[in-house]
>>> print(open('upload.txt').read())   # compact mmCIF, C-alpha atoms
# COMPACT_ATOMS: atom_id res chain seq x y z
CA MET A 1 124.60 76.68 176.99
CA SER A 2 125.56 77.09 180.60
CA VAL A 3 125.10 80.33 182.46
CA ASP A 4 126.62 80.02 185.92
CA SER A 5 125.12 83.10 187.55
CA THR A 6 121.47 83.79 186.81
CA TYR A 7 119.23 86.10 188.80
CA ILE A 8 115.46 86.04 188.37
CA PHE A 9 113.25 89.01 189.23
CA ASP A 10 109.49 89.50 189.19
CA ILE A 11 108.23 92.92 188.09
CA ASP A 12 105.00 93.69 189.97
CA GLY A 13 105.70 93.96 193.69
CA VAL A 14 109.47 93.64 193.24
CA LEU A 15 110.60 96.29 190.77
CA LEU A 16 107.33 98.22 190.83
CA ASP A 17 105.04 99.21 193.68
CA VAL A 18 101.60 98.26 192.39
CA SER A 19 99.64 99.20 195.52
CA GLN A 20 97.86 102.12 193.85
CA ARG A 21 96.96 100.04 190.78
CA THR A 22 95.72 97.27 193.07
CA ALA A 23 93.53 99.66 195.07
CA ILE A 24 91.98 101.13 191.92
CA ALA A 25 91.35 97.67 190.43
CA GLU A 26 89.74 96.53 193.70
CA ARG A 27 87.48 99.59 193.79
CA LEU A 28 86.44 99.27 190.13
CA SER A 29 85.85 95.50 190.27
CA ASN A 30 83.63 95.70 193.37
CA GLY A 31 84.60 92.23 194.59
CA ASN A 32 84.42 90.49 191.20
CA SER A 33 87.70 88.53 190.85
CA SER A 34 87.54 88.27 187.07
CA LEU A 35 86.96 92.01 186.72
CA PHE A 36 89.76 92.71 189.20
CA TRP A 37 92.32 90.98 186.97
CA GLN A 38 90.97 92.74 183.86
CA TYR A 39 91.48 96.10 185.55
CA PHE A 40 94.76 95.13 187.22
CA PHE A 41 96.28 94.13 183.87
CA SER A 42 94.81 97.05 181.93
CA GLU A 43 97.35 99.22 180.19
CA GLU A 44 95.64 102.36 181.50
CA LEU A 45 96.25 101.50 185.16
CA LEU A 46 99.98 100.76 184.73
CA GLN A 47 100.60 104.50 184.92
CA PHE A 48 99.90 104.33 188.67
CA ASP A 49 102.88 102.03 189.34
CA LYS A 50 105.89 103.50 191.10
CA PRO A 51 109.45 102.16 191.26
CA ARG A 52 110.41 100.08 194.31
CA LYS A 53 113.87 101.46 195.04
CA ILE A 54 115.00 98.39 196.98
CA GLY A 55 113.98 96.07 194.13
CA VAL A 56 115.50 98.20 191.37
CA ASP A 57 118.73 98.72 193.33
CA THR A 58 119.03 94.97 193.94
CA LEU A 59 118.46 94.20 190.25
CA LEU A 60 121.07 96.78 189.18
CA ASP A 61 123.55 95.30 191.66
CA ARG A 62 123.02 91.78 190.30
CA MET A 63 123.29 92.98 186.72
CA GLY A 64 127.05 93.19 187.02
CA LYS A 65 127.27 89.69 188.46
CA GLY A 66 125.43 87.54 185.94
CA ALA A 67 122.45 87.07 183.64
CA ILE A 68 119.18 88.77 184.56
CA ILE A 69 115.87 87.15 183.70
CA LEU A 70 112.55 88.85 184.37
CA LEU A 71 109.64 86.50 185.08
CA THR A 72 106.25 88.15 185.38
CA GLY A 73 102.63 87.11 185.51
CA ARG A 74 101.76 90.02 183.23
CA PRO A 75 100.15 89.05 179.91
CA SER A 76 102.35 89.41 176.84
CA ARG A 77 100.03 92.07 175.36
CA LEU A 78 101.63 94.43 177.92
CA ARG A 79 105.21 93.80 176.69
CA LYS A 80 105.74 97.15 174.98
CA THR A 81 104.29 99.16 177.88
CA THR A 82 106.23 97.04 180.39
CA LEU A 83 109.52 97.72 178.58
CA SER A 84 108.77 101.45 178.58
CA GLN A 85 107.91 101.30 182.28
CA LEU A 86 111.15 99.51 183.13
CA GLN A 87 113.24 101.93 181.08
CA SER A 88 111.54 104.89 182.80
CA ILE A 89 112.66 103.61 186.22
CA GLY A 90 116.28 103.13 185.13
CA VAL A 91 116.37 99.43 184.20
CA PRO A 92 118.70 99.00 181.19
CA ILE A 93 116.54 96.73 179.05
CA SER A 94 119.44 95.81 176.76
CA LYS A 95 121.11 94.04 179.71
CA ILE A 96 118.12 91.77 180.43
CA ARG A 97 118.75 88.25 179.06
CA HIS A 98 115.05 87.26 178.84
CA ILE A 99 111.66 88.60 179.85
CA TYR A 100 109.09 85.84 180.30
CA MET A 101 105.45 86.92 180.27
CA ARG A 102 102.43 84.67 180.20
CA SER A 103 100.41 84.37 177.00
CA ASN A 104 97.32 86.55 176.77
CA SER A 105 95.07 83.49 177.10
CA ASP A 106 96.86 81.98 180.13
CA TYR A 107 94.66 82.42 183.20
CA ARG A 108 96.40 79.94 185.48
CA LYS A 109 97.63 81.02 188.88
CA SER A 110 100.81 83.03 188.51
CA CYS A 111 102.83 80.57 190.61
CA ILE A 112 101.91 77.68 188.29
CA PHE A 113 102.93 79.65 185.18
CA LYS A 114 106.15 80.77 186.85
CA MET A 115 107.07 77.23 187.97
CA GLU A 116 106.74 76.08 184.36
CA ILE A 117 109.11 78.85 183.26
CA ILE A 118 111.61 78.05 186.05
CA GLU A 119 111.75 74.47 184.77
CA ARG A 120 112.27 75.76 181.21
CA ILE A 121 115.06 78.07 182.36
CA LEU A 122 116.79 75.16 184.12
CA SER A 123 116.39 72.91 181.08
CA ASN A 124 118.08 75.61 178.99
CA GLY A 125 121.23 75.23 181.11
CA TYR A 126 120.93 78.22 183.40
CA THR A 127 122.14 78.03 186.99
CA ILE A 128 119.74 80.07 189.08
CA LEU A 129 121.49 81.74 192.02
CA GLU A 130 118.63 83.94 193.20
CA VAL A 131 114.89 84.37 192.73
CA HIS A 132 113.22 87.65 193.78
CA ASP A 133 109.42 87.62 193.97
CA ASP A 134 106.55 88.97 196.06
CA ASP A 135 104.59 85.69 196.04
CA GLU A 136 105.46 83.52 199.01
CA GLU A 137 103.54 80.52 197.62
CA PHE A 138 105.64 80.61 194.45
CA LEU A 139 108.89 80.92 196.42
CA ASN A 140 107.94 77.97 198.63
CA ARG A 141 107.31 75.87 195.50
CA VAL A 142 110.62 77.00 193.98
CA LYS A 143 112.40 76.09 197.21
CA ARG A 144 111.59 72.41 196.55
CA ILE A 145 113.50 72.30 193.25
CA LEU A 146 116.12 75.03 193.71
CA THR A 147 117.62 73.72 196.92
CA HIS A 148 120.89 75.66 196.53
CA SER A 149 119.45 78.96 195.31
CA GLN A 150 118.73 82.04 197.40
CA LEU A 151 115.06 82.97 197.41
CA TYR A 152 113.92 86.44 198.38
CA LEU A 153 110.41 87.59 199.25
CA HIS A 154 109.86 91.28 198.53
CA PHE A 155 107.33 92.73 200.94
CA ASN A 156 106.68 96.46 201.35
CA ASP A 157 110.14 98.00 201.76
CA HIS A 158 111.80 94.78 202.91
CA ILE A 159 113.48 91.79 201.35
CA ILE A 160 113.09 88.59 203.34
CA GLU A 161 115.22 85.52 202.69
CA VAL A 162 112.97 82.48 202.26
CA SER A 163 114.51 79.51 204.02
CA SER A 164 113.71 77.25 206.93
CA GLN A 165 114.31 80.32 209.13
CA GLN A 166 113.09 83.43 207.37
CA LYS A 167 114.91 86.65 208.17
CA VAL A 168 114.61 90.24 207.03
CA LEU A 169 117.76 91.26 205.17
CA TRP A 170 116.99 94.79 203.99
>>> encode(input="upload.txt", output="structure tokens")
Amino acid sequence: MSVDSTYIFDIDGVLLDVSQRTAIAERLSNGNSSLFWQYFFSEELLQFDKPRKIGVDTLLDRMGKGAIILLTGRPSRLRKTTLSQLQSIGVPISKIRHIYMRSNSDYRKSCIFKMEIIERILSNGYTILEVHDDDEEFLNRVKRILTHSQLYLHFNDHIIEVSSQQKVLW
């Protein structure tokens, strides 16, 4: 299989503003990193997420141009709630080619999990044109293997192209 135009989007920080969920998880965890992630990935706190218009608009624009793959560090136990969340912000789930979520027992750094999935996507014959994420470390790692792809860092209400000379695009 060869898919010439593939666009990869993260969910948290790209399609959804998770700042309120993050603040609540930080407050409840009181500096305990393990507790923070338990709260951050709790189904109850997902209700505090809000759509990031710039991320959703970009995804909808790319939808008409090629295959969309969502790649998130969320655990797979949140799949049903995540799909409902995405539908509620106007993302047509039926037009998403794949949604990759980490297994419930995968506690590796998100960028390591995501790099593994990027390699799997490439080995399945996809041509990745763009990657949209809010993790600069991940994008810098991706840059080493996707030398001809456009990489975009989503930060607050901006999208920044990740290259040798980073520039704010939106």
>>> residues_near_point(input="upload.txt", point="(105.0, 80.6, 192.6)", cutoff="9 Å", atoms="only C-alpha atoms", output="PyMOL selection string")
chain A and resi 109-115+133+135-142
>>> closest_residue(input="upload.txt", among="A:Phe40, A:Tyr126, A:Tyr7, A:Phe155", to="Asp61 (chain A)", atoms="only C-alpha atoms")
A:Tyr7
>>> atom_distance(input="upload.txt", atom1="CA of Leu16 (chain A)", atom2="CA of Gly55 (chain A)")
7.7 Å
>>> closest_residue(input="upload.txt", among="A:Phe41, A:Phe48, A:Tyr107, A:Tyr152", to="Arg77 (chain A)", atoms="all atoms listed in the file")
A:Phe41
>>> closest_residue(input="upload.txt", among="A:Pro51, A:Ala23, A:Ser94, A:Leu122", to="Tyr39 (chain A)", atoms="only C-alpha atoms")
A:Ala23
>>> closest_residue(input="upload.txt", among="A:Asn156, A:Arg102, A:Lys143, A:Ser163", to="Val18 (chain A)", atoms="all atoms listed in the file")
A:Asn156
>>> residues_around(input="upload.txt", residues="His154 (chain A)", least_positions_apart="5", cutoff="7 Å", atoms="only C-alpha atoms", output="JSON list (two decimals) with C-alpha atoms, in the frame of the given file")
[["chain", "number", "residue", "atom", "x", "y", "z"],
["A", 13, "GLY", "CA", 105.70, 93.96, 193.69],
["A", 14, "VAL", "CA", 109.47, 93.64, 193.24],
["A", 132, "HIS", "CA", 113.22, 87.65, 193.78],
["A", 133, "ASP", "CA", 109.42, 87.62, 193.97],
["A", 134, "ASP", "CA", 106.55, 88.97, 196.06],
["A", 159, "ILE", "CA", 113.48, 91.79, 201.35],
["A", 160, "ILE", "CA", 113.09, 88.59, 203.34]]
